[in-house]
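Raw work-v1.pdb, PDB, N, CA and C atoms:
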```
ATOM      1  N   MET A   1      76.626 121.774  91.127
ATOM      2  CA  MET A   1      76.375 121.226  89.816
ATOM      3  C   MET A   1      74.911 121.408  89.463
ATOM      4  N   ALA A   2      74.685 121.697  88.242
ATOM      5  CA  ALA A   2      73.311 121.823  87.785
ATOM      6  C   ALA A   2      72.834 120.477  87.293
ATOM      7  N   ALA A   3      71.672 120.118  87.727
ATOM      8  CA  ALA A   3      71.083 118.859  87.277
ATOM      9  C   ALA A   3      70.529 119.041  85.875
ATOM     10  N   GLU A   4      70.018 117.985  85.293
ATOM     11  CA  GLU A   4      69.507 118.050  83.932
ATOM     12  C   GLU A   4      68.311 118.984  83.820
ATOM     13  N   ASN A   5      67.519 119.115  84.874
ATOM     14  CA  ASN A   5      66.345 119.985  84.799
ATOM     15  C   ASN A   5      66.672 121.421  85.205
ATOM     16  N   GLY A   6      67.948 121.749  85.418
ATOM     17  CA  GLY A   6      68.349 123.119  85.698
ATOM     18  C   GLY A   6      68.356 123.486  87.163
ATOM     19  N   THR A   7      68.114 122.572  88.063
ATOM     20  CA  THR A   7      68.141 122.890  89.489
ATOM     21  C   THR A   7      69.490 122.472  90.073
ATOM     22  N   MET A   8      69.828 123.052  91.186
ATOM     23  CA  MET A   8      71.090 122.732  91.857
ATOM     24  C   MET A   8      70.942 121.428  92.633
ATOM     25  N   ASN A   9      71.978 120.642  92.626
ATOM     26  CA  ASN A   9      72.000 119.398  93.385
ATOM     27  C   ASN A   9      72.466 119.724  94.796
ATOM     28  N   THR A  10      71.572 119.612  95.763
ATOM     29  CA  THR A  10      71.909 119.987  97.144
ATOM     30  C   THR A  10      72.139 118.776  98.032
ATOM     31  N   GLU A  11      72.239 117.602  97.441
ATOM     32  CA  GLU A  11      72.480 116.412  98.247
ATOM     33  C   GLU A  11      73.873 116.459  98.852
ATOM     34  N   GLU A  12      73.941 116.123 100.115
ATOM     35  CA  GLU A  12      75.239 116.068 100.784
ATOM     36  C   GLU A  12      75.893 114.725 100.508
ATOM     37  N   PRO A  13      77.213 114.702 100.502
ATOM     38  CA  PRO A  13      77.866 113.405 100.310
ATOM     39  C   PRO A  13      77.541 112.497 101.489
ATOM     40  N   PRO A  14      77.594 111.199 101.274
ATOM     41  CA  PRO A  14      77.279 110.296 102.390
ATOM     42  C   PRO A  14      78.253 110.524 103.542
ATOM     43  N   PRO A  15      77.773 110.442 104.773
ATOM     44  CA  PRO A  15      78.660 110.677 105.921
ATOM     45  C   PRO A  15      79.755 109.626 105.989
ATOM     46  N   ARG A  16      80.908 110.067 106.448
ATOM     47  CA  ARG A  16      82.041 109.152 106.579
ATOM     48  C   ARG A  16      81.778 108.194 107.733
ATOM     49  N   ARG A  17      82.050 106.930 107.476
ATOM     50  CA  ARG A  17      81.815 105.933 108.509
ATOM     51  C   ARG A  17      82.766 106.136 109.674
ATOM     52  N   CYS A  18      82.386 105.566 110.803
ATOM     53  CA  CYS A  18      83.186 105.685 112.015
ATOM     54  C   CYS A  18      84.551 105.027 111.844
ATOM     55  N   CYS A  19      84.569 103.834 111.306
ATOM     56  CA  CYS A  19      85.815 103.074 111.219
ATOM     57  C   CYS A  19      86.138 102.740 109.768
ATOM     58  N   ASP A  20      87.382 102.923 109.412
ATOM     59  CA  ASP A  20      87.854 102.570 108.079
ATOM     60  C   ASP A  20      88.785 101.374 108.221
ATOM     61  N   MET A  21      88.207 100.201 108.236
ATOM     62  CA  MET A  21      88.983  98.984 108.463
ATOM     63  C   MET A  21      89.929  98.673 107.302
ATOM     64  N   LEU A  22      89.655  99.213 106.125
ATOM     65  CA  LEU A  22      90.514  98.941 104.973
ATOM     66  C   LEU A  22      91.730  99.865 104.917
ATOM     67  N   TRP A  23      91.821 100.830 105.832
ATOM     68  CA  TRP A  23      92.955 101.757 105.825
ATOM     69  C   TRP A  23      94.279 101.011 105.878
ATOM     70  N   ILE A  24      94.327  99.965 106.640
ATOM     71  CA  ILE A  24      95.589  99.261 106.866
ATOM     72  C   ILE A  24      96.078  98.535 105.616
ATOM     73  N   VAL A  25      95.183  98.186 104.698
ATOM     74  CA  VAL A  25      95.616  97.477 103.484
ATOM     75  C   VAL A  25      95.512  98.326 102.226
ATOM     76  N   THR A  26      94.907  99.504 102.306
ATOM     77  CA  THR A  26      94.753 100.332 101.116
ATOM     78  C   THR A  26      95.740 101.495 101.047
ATOM     79  N   THR A  27      96.505 101.725 102.101
ATOM     80  CA  THR A  27      97.484 102.820 102.080
ATOM     81  C   THR A  27      98.884 102.288 102.370
ATOM     82  N   LYS A  28      99.869 103.020 101.880
ATOM     83  CA  LYS A  28     101.262 102.640 102.152
ATOM     84  C   LYS A  28     101.570 102.737 103.640
ATOM     85  N   GLU A  29     101.040 103.776 104.285
ATOM     86  CA  GLU A  29     101.264 103.940 105.725
ATOM     87  C   GLU A  29     100.643 102.779 106.500
ATOM     88  N   GLY A  30      99.483 102.321 106.061
ATOM     89  CA  GLY A  30      98.834 101.191 106.711
ATOM     90  C   GLY A  30      99.659  99.921 106.610
ATOM     91  N   TRP A  31     100.200  99.655 105.411
ATOM     92  CA  TRP A  31     101.054  98.470 105.237
ATOM     93  C   TRP A  31     102.297  98.576 106.109
ATOM     94  N   LEU A  32     102.890  99.778 106.156
ATOM     95  CA  LEU A  32     104.079  99.981 106.977
ATOM     96  C   LEU A  32     103.765  99.722 108.452
ATOM     97  N   LYS A  33     102.635 100.223 108.929
ATOM     98  CA  LYS A  33     102.264 100.016 110.332
ATOM     99  C   LYS A  33     101.957  98.546 110.604
ATOM    100  N   LEU A  34     101.362  97.862 109.637
ATOM    101  CA  LEU A  34     101.078  96.438 109.808
ATOM    102  C   LEU A  34     102.369  95.639 109.923
ATOM    103  N   VAL A  35     103.322  95.920 109.040
ATOM    104  CA  VAL A  35     104.622  95.238 109.095
ATOM    105  C   VAL A  35     105.344  95.589 110.384
ATOM    106  N   GLU A  36     105.278  96.857 110.781
ATOM    107  CA  GLU A  36     105.929  97.293 112.020
ATOM    108  C   GLU A  36     105.323  96.588 113.236
ATOM    109  N   ALA A  37     104.005  96.440 113.262
ATOM    110  CA  ALA A  37     103.354  95.752 114.381
ATOM    111  C   ALA A  37     103.772  94.290 114.433
ATOM    112  N   ILE A  38     103.820  93.630 113.280
ATOM    113  CA  ILE A  38     104.220  92.222 113.246
ATOM    114  C   ILE A  38     105.673  92.064 113.687
ATOM    115  N   MET A  39     106.547  92.939 113.213
ATOM    116  CA  MET A  39     107.970  92.827 113.557
ATOM    117  C   MET A  39     108.220  93.100 115.036
ATOM    118  N   THR A  40     107.535  94.089 115.606
ATOM    119  CA  THR A  40     107.755  94.360 117.032
ATOM    120  C   THR A  40     107.172  93.240 117.896
ATOM    121  N   LEU A  41     106.052  92.658 117.472
ATOM    122  CA  LEU A  41     105.502  91.527 118.212
ATOM    123  C   LEU A  41     106.448  90.330 118.142
ATOM    124  N   LEU A  42     107.029  90.078 116.972
ATOM    125  CA  LEU A  42     108.005  89.000 116.839
ATOM    126  C   LEU A  42     109.237  89.262 117.706
ATOM    127  N   THR A  43     109.708  90.506 117.712
ATOM    128  CA  THR A  43     110.871  90.855 118.519
ATOM    129  C   THR A  43     110.598  90.597 119.994
ATOM    130  N   PHE A  44     109.443  91.066 120.458
ATOM    131  CA  PHE A  44     109.079  90.846 121.853
ATOM    132  C   PHE A  44     108.976  89.352 122.156
ATOM    133  N   SER A  45     108.330  88.612 121.277
ATOM    134  CA  SER A  45     108.134  87.172 121.515
ATOM    135  C   SER A  45     109.454  86.418 121.541
ATOM    136  N   ILE A  46     110.335  86.736 120.612
ATOM    137  CA  ILE A  46     111.625  86.043 120.546
ATOM    138  C   ILE A  46     112.478  86.373 121.772
ATOM    139  N   LEU A  47     112.525  87.650 122.135
ATOM    140  CA  LEU A  47     113.336  88.035 123.290
ATOM    141  C   LEU A  47     112.764  87.493 124.596
ATOM    142  N   ALA A  48     111.450  87.469 124.695
ATOM    143  CA  ALA A  48     110.829  86.992 125.930
ATOM    144  C   ALA A  48     110.880  85.471 126.064
ATOM    145  N   SER A  49     111.163  84.770 124.971
ATOM    146  CA  SER A  49     111.166  83.311 125.031
ATOM    147  C   SER A  49     112.515  82.727 125.442
ATOM    148  N   HIS A  50     113.506  83.573 125.666
ATOM    149  CA  HIS A  50     114.807  83.065 126.112
ATOM    150  C   HIS A  50     114.689  82.479 127.512
ATOM    151  N   PRO A  51     115.558  81.553 127.831
ATOM    152  CA  PRO A  51     115.530  80.989 129.195
ATOM    153  C   PRO A  51     115.719  82.077 130.246
ATOM    154  N   ILE A  52     115.321  81.773 131.438
ATOM    155  CA  ILE A  52     115.367  82.734 132.541
ATOM    156  C   ILE A  52     116.770  83.296 132.744
ATOM    157  N   SER A  53     117.808  82.498 132.554
ATOM    158  CA  SER A  53     119.168  82.961 132.801
ATOM    159  C   SER A  53     119.569  84.086 131.849
ATOM    160  N   TYR A  54     119.011  84.109 130.647
ATOM    161  CA  TYR A  54     119.335  85.167 129.690
ATOM    162  C   TYR A  54     118.355  86.325 129.750
ATOM    163  N   ARG A  55     117.205  86.132 130.347
ATOM    164  CA  ARG A  55     116.155  87.140 130.306
ATOM    165  C   ARG A  55     116.579  88.448 130.969
ATOM    166  N   ALA A  56     117.367  88.393 132.025
ATOM    167  CA  ALA A  56     117.806  89.622 132.698
ATOM    168  C   ALA A  56     118.656  90.474 131.767
ATOM    169  N   GLU A  57     119.441  89.842 130.915
ATOM    170  CA  GLU A  57     120.271  90.593 129.974
ATOM    171  C   GLU A  57     119.433  91.269 128.897
ATOM    172  N   TYR A  58     118.300  90.678 128.573
ATOM    173  CA  TYR A  58     117.450  91.210 127.502
ATOM    174  C   TYR A  58     116.255  92.000 128.022
ATOM    175  N   GLU A  59     116.214  92.265 129.308
ATOM    176  CA  GLU A  59     115.052  92.937 129.887
ATOM    177  C   GLU A  59     114.811  94.302 129.251
ATOM    178  N   TYR A  60     115.857  95.053 129.010
ATOM    179  CA  TYR A  60     115.704  96.376 128.395
ATOM    180  C   TYR A  60     115.154  96.249 126.979
ATOM    181  N   LEU A  61     115.658  95.300 126.204
ATOM    182  CA  LEU A  61     115.177  95.122 124.838
ATOM    183  C   LEU A  61     113.717  94.657 124.814
ATOM    184  N   ILE A  62     113.352  93.830 125.774
ATOM    185  CA  ILE A  62     111.953  93.400 125.869
ATOM    186  C   ILE A  62     111.061  94.602 126.149
ATOM    187  N   PHE A  63     111.517  95.487 127.036
ATOM    188  CA  PHE A  63     110.756  96.699 127.344
ATOM    189  C   PHE A  63     110.601  97.579 126.106
ATOM    190  N   VAL A  64     111.677  97.781 125.358
ATOM    191  CA  VAL A  64     111.621  98.623 124.158
ATOM    192  C   VAL A  64     110.681  98.017 123.124
ATOM    193  N   ALA A  65     110.767  96.711 122.912
ATOM    194  CA  ALA A  65     109.894  96.053 121.934
ATOM    195  C   ALA A  65     108.430  96.150 122.361
ATOM    196  N   THR A  66     108.171  95.982 123.648
ATOM    197  CA  THR A  66     106.791  96.072 124.132
ATOM    198  C   THR A  66     106.251  97.485 123.984
ATOM    199  N   THR A  67     107.046  98.477 124.351
ATOM    200  CA  THR A  67     106.622  99.871 124.226
ATOM    201  C   THR A  67     106.364 100.232 122.775
ATOM    202  N   THR A  68     107.232  99.815 121.897
ATOM    203  CA  THR A  68     107.056 100.099 120.474
ATOM    204  C   THR A  68     105.783  99.449 119.951
ATOM    205  N   PHE A  69     105.539  98.205 120.342
ATOM    206  CA  PHE A  69     104.333  97.516 119.900
ATOM    207  C   PHE A  69     103.081  98.250 120.377
ATOM    208  N   VAL A  70     103.096  98.725 121.613
ATOM    209  CA  VAL A  70     101.938  99.456 122.140
ATOM    210  C   VAL A  70     101.713 100.738 121.350
ATOM    211  N   PHE A  71     102.781 101.488 121.049
ATOM    212  CA  PHE A  71     102.645 102.718 120.270
ATOM    213  C   PHE A  71     102.126 102.438 118.865
ATOM    214  N   VAL A  72     102.609 101.389 118.231
ATOM    215  CA  VAL A  72     102.176 101.058 116.863
ATOM    216  C   VAL A  72     100.704 100.658 116.856
ATOM    217  N   VAL A  73     100.290  99.813 117.796
ATOM    218  CA  VAL A  73      98.892  99.397 117.847
ATOM    219  C   VAL A  73      97.986 100.598 118.154
ATOM    220  N   LEU A  74      98.427 101.476 119.037
ATOM    221  CA  LEU A  74      97.664 102.684 119.333
ATOM    222  C   LEU A  74      97.509 103.542 118.085
ATOM    223  N   HIS A  75      98.570 103.699 117.315
ATOM    224  CA  HIS A  75      98.511 104.477 116.081
ATOM    225  C   HIS A  75      97.539 103.840 115.094
ATOM    226  N   ILE A  76      97.582 102.512 114.959
ATOM    227  CA  ILE A  76      96.678 101.819 114.039
ATOM    228  C   ILE A  76      95.223 102.027 114.462
ATOM    229  N   VAL A  77      94.938 101.887 115.740
ATOM    230  CA  VAL A  77      93.561 102.054 116.227
ATOM    231  C   VAL A  77      93.091 103.491 116.016
ATOM    232  N   LEU A  78      93.953 104.465 116.291
ATOM    233  CA  LEU A  78      93.566 105.864 116.101
ATOM    234  C   LEU A  78      93.330 106.190 114.629
ATOM    235  N   ARG A  79      94.098 105.586 113.733
ATOM    236  CA  ARG A  79      93.892 105.814 112.301
ATOM    237  C   ARG A  79      92.618 105.144 111.802
ATOM    238  N   ILE A  80      92.361 103.926 112.249
ATOM    239  CA  ILE A  80      91.168 103.211 111.789
ATOM    240  C   ILE A  80      89.894 103.926 112.239
ATOM    241  N   THR A  81      89.886 104.454 113.434
ATOM    242  CA  THR A  81      88.698 105.135 113.964
ATOM    243  C   THR A  81      88.648 106.615 113.605
ATOM    244  N   HIS A  82      89.575 107.102 112.828
ATOM    245  CA  HIS A  82      89.653 108.500 112.380
ATOM    246  C   HIS A  82      89.841 109.476 113.534
ATOM    247  N   LEU A  83      90.322 109.011 114.663
ATOM    248  CA  LEU A  83      90.605 109.915 115.778
ATOM    249  C   LEU A  83      91.961 110.593 115.614
ATOM    250  N   PHE A  84      92.846 109.991 114.825
ATOM    251  CA  PHE A  84      94.177 110.558 114.622
ATOM    252  C   PHE A  84      94.079 111.925 113.950
ATOM    253  N   GLU A  85      93.151 112.062 112.997
ATOM    254  CA  GLU A  85      92.987 113.333 112.292
ATOM    255  C   GLU A  85      92.436 114.433 113.182
ATOM    256  N   LYS A  86      91.758 114.055 114.271
ATOM    257  CA  LYS A  86      91.152 115.035 115.162
ATOM    258  C   LYS A  86      92.102 115.508 116.258
ATOM    259  N   LEU A  87      93.245 114.832 116.401
ATOM    260  CA  LEU A  87      94.210 115.239 117.426
ATOM    261  C   LEU A  87      94.873 116.552 117.026
ATOM    262  N   PRO A  88      95.292 117.359 117.984
ATOM    263  CA  PRO A  88      96.023 118.588 117.659
ATOM    264  C   PRO A  88      97.330 118.241 116.930
ATOM    265  N   SER A  89      97.745 119.097 116.026
ATOM    266  CA  SER A  89      98.918 118.801 115.197
ATOM    267  C   SER A  89     100.200 118.558 115.998
ATOM    268  N   PRO A  90     100.442 119.227 117.139
ATOM    269  CA  PRO A  90     101.669 118.889 117.876
ATOM    270  C   PRO A  90     101.694 117.439 118.372
ATOM    271  N   LEU A  91     100.525 116.858 118.664
ATOM    272  CA  LEU A  91     100.486 115.480 119.142
ATOM    273  C   LEU A  91     100.729 114.458 118.043
ATOM    274  N   THR A  92     100.511 114.851 116.802
ATOM    275  CA  THR A  92     100.700 113.909 115.695
ATOM    276  C   THR A  92     102.105 113.966 115.113
ATOM    277  N   HIS A  93     102.936 114.824 115.649
ATOM    278  CA  HIS A  93     104.307 114.942 115.138
ATOM    279  C   HIS A  93     105.094 113.703 115.541
ATOM    280  N   PRO A  94     105.878 113.130 114.628
ATOM    281  CA  PRO A  94     106.621 111.901 114.939
ATOM    282  C   PRO A  94     107.612 112.046 116.090
ATOM    283  N   LEU A  95     108.122 113.241 116.310
ATOM    284  CA  LEU A  95     109.085 113.429 117.392
ATOM    285  C   LEU A  95     108.466 113.222 118.771
ATOM    286  N   ILE A  96     107.157 113.416 118.885
ATOM    287  CA  ILE A  96     106.494 113.214 120.174
ATOM    288  C   ILE A  96     106.612 111.753 120.600
ATOM    289  N   GLY A  97     106.378 110.823 119.666
ATOM    290  CA  GLY A  97     106.535 109.399 119.977
ATOM    291  C   GLY A  97     107.966 109.048 120.300
ATOM    292  N   LEU A  98     108.895 109.655 119.559
ATOM    293  CA  LEU A  98     110.311 109.401 119.800
ATOM    294  C   LEU A  98     110.721 109.883 121.185
ATOM    295  N   VAL A  99     110.284 111.070 121.551
ATOM    296  CA  VAL A  99     110.600 111.617 122.870
ATOM    297  C   VAL A  99     109.935 110.776 123.955
ATOM    298  N   GLY A 100     108.689 110.324 123.706
ATOM    299  CA  GLY A 100     108.002 109.477 124.680
ATOM    300  C   GLY A 100     108.745 108.169 124.918
ATOM    301  N   CYS A 101     109.221 107.546 123.842
ATOM    302  CA  CYS A 101     109.993 106.307 123.996
ATOM    303  C   CYS A 101     111.312 106.570 124.714
ATOM    304  N   PHE A 102     111.947 107.702 124.420
ATOM    305  CA  PHE A 102     113.204 108.052 125.075
ATOM    306  C   PHE A 102     113.002 108.244 126.570
ATOM    307  N   LEU A 103     111.936 108.953 126.938
ATOM    308  CA  LEU A 103     111.661 109.179 128.362
ATOM    309  C   LEU A 103     111.306 107.875 129.076
ATOM    310  N   ALA A 104     110.578 107.005 128.386
ATOM    311  CA  ALA A 104     110.258 105.702 128.991
ATOM    312  C   ALA A 104     111.531 104.885 129.182
ATOM    313  N   SER A 105     112.454 104.968 128.226
ATOM    314  CA  SER A 105     113.728 104.251 128.358
ATOM    315  C   SER A 105     114.543 104.802 129.522
ATOM    316  N   LEU A 106     114.555 106.127 129.660
ATOM    317  CA  LEU A 106     115.267 106.728 130.793
ATOM    318  C   LEU A 106     114.659 106.295 132.118
ATOM    319  N   ALA A 107     113.340 106.221 132.159
ATOM    320  CA  ALA A 107     112.677 105.807 133.387
ATOM    321  C   ALA A 107     113.042 104.365 133.736
ATOM    322  N   LEU A 108     113.148 103.502 132.731
ATOM    323  CA  LEU A 108     113.534 102.115 132.989
ATOM    324  C   LEU A 108     114.990 102.026 133.438
ATOM    325  N   LEU A 109     115.867 102.798 132.784
ATOM    326  CA  LEU A 109     117.262 102.772 133.159
ATOM    327  C   LEU A 109     117.500 103.364 134.551
ATOM    328  N   ALA A 110     116.687 104.354 134.912
ATOM    329  CA  ALA A 110     116.817 104.947 136.249
ATOM    330  C   ALA A 110     116.391 103.949 137.319
ATOM    331  N   HIS A 111     115.594 102.981 136.941
ATOM    332  CA  HIS A 111     115.153 101.938 137.865
ATOM    333  C   HIS A 111     116.334 101.093 138.332
ATOM    334  N   TYR A 112     117.313 100.934 137.478
ATOM    335  CA  TYR A 112     118.484 100.115 137.815
ATOM    336  C   TYR A 112     119.434 100.972 138.579
TER     337      TYR A 112
END
```

Translate this file's structure into structure tokens.
Amino acid sequence: MAAENGTMNTEEPPPRRCCDMLWIVTTKEGWLKLVEAIMTLLTFSILASHPISYRAEYEYLIFVATTTFVFVVLHIVLRITHLFEKLPSPLTHPLIGLVGCFLASLALLAHY
């Protein structure tokens, strides 16, 4: 852009901050991840609060809820710190998380 005196404006835009804490409330994806984190935490808490006699029946569901919560919180932290954008594109594909959860479920089931 030419300035009023005819010279070029060579100022660089301000550097992007390290953390974008408003990402979670300013984007649709952020709201979705926030709701997902709250729901998985509630699921884990409700399932884990059953008496000991029922806990063995819900052990698999507790594991799934805990794993999901960890993945969601990891995604939120990576997005807030802008590290998610720096990851290679195959790692950011949604199927990678799905396959990871599937393999973790198989590992838990193989335990029995």

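As for atom N of Ile24 in chain A and CA of Ile80 in chain A, they are spaced 6.9 Å apart.
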
What's around range 90-95 of chain A at 12 Å? Count only C-alpha atoms, leave out sequence neighbours fewer than 6 positions away in its own chain, and write the answer as a PyMOL selection string.
chain A and resi 71-72+75+78-79+83-84+101-102

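Put simply, CA of Ala37 in chain A is 13.5 Å away from CA of Val25 in chain A.
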
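Pairwise distance (CA of Ile76 in chain A, CA of Lys33 in chain A) equals 6.9 Å.
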
For Phe44 in chain A, which residue among A:Leu98, A:Tyr58, A:Thr66, A:Glu29 is the nearest when counting only C-alpha atoms?
A:Thr66

Please determine an axis-aligned box that encloses all atoms of range 25-30 of chain A listed in the file, with 6 Å added on each side, and express its centre and edge lengths in Å to one decimal as JSON.
```
{"center_x": 98.2, "center_y": 100.7, "center_z": 103.9, "size_x": 18.8, "size_y": 18.5, "size_z": 17.7}
```

Given the file shown, enumerate the residues that the PyMOL selection byres ((chain A and resi 40) around 8) captures and present them as an NGL selection string.
:A and (34-39 or 41-46 or 64-66 or 68-70)

Could you go through range 38-96 of chain A and tell me which residues DSSP, when run on the backbone, assigns to alpha helix (DSSP H), listing them as JSON, numbers by chain?
{"A": [38, 39, 40, 41, 42, 43, 44, 45, 46, 47, 48, 52, 53, 54, 55, 59, 60, 61, 62, 63, 64, 65, 66, 67, 68, 69, 70, 71, 72, 73, 74, 75, 76, 77, 78, 79, 80, 94, 95, 96]}

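The shortest atom-to-atom distance to Gly30 in chain A, with only C-alpha atoms taken into account, belongs to A:Val77 out of A:Leu61, A:Val77, A:Ile96, A:Leu106.
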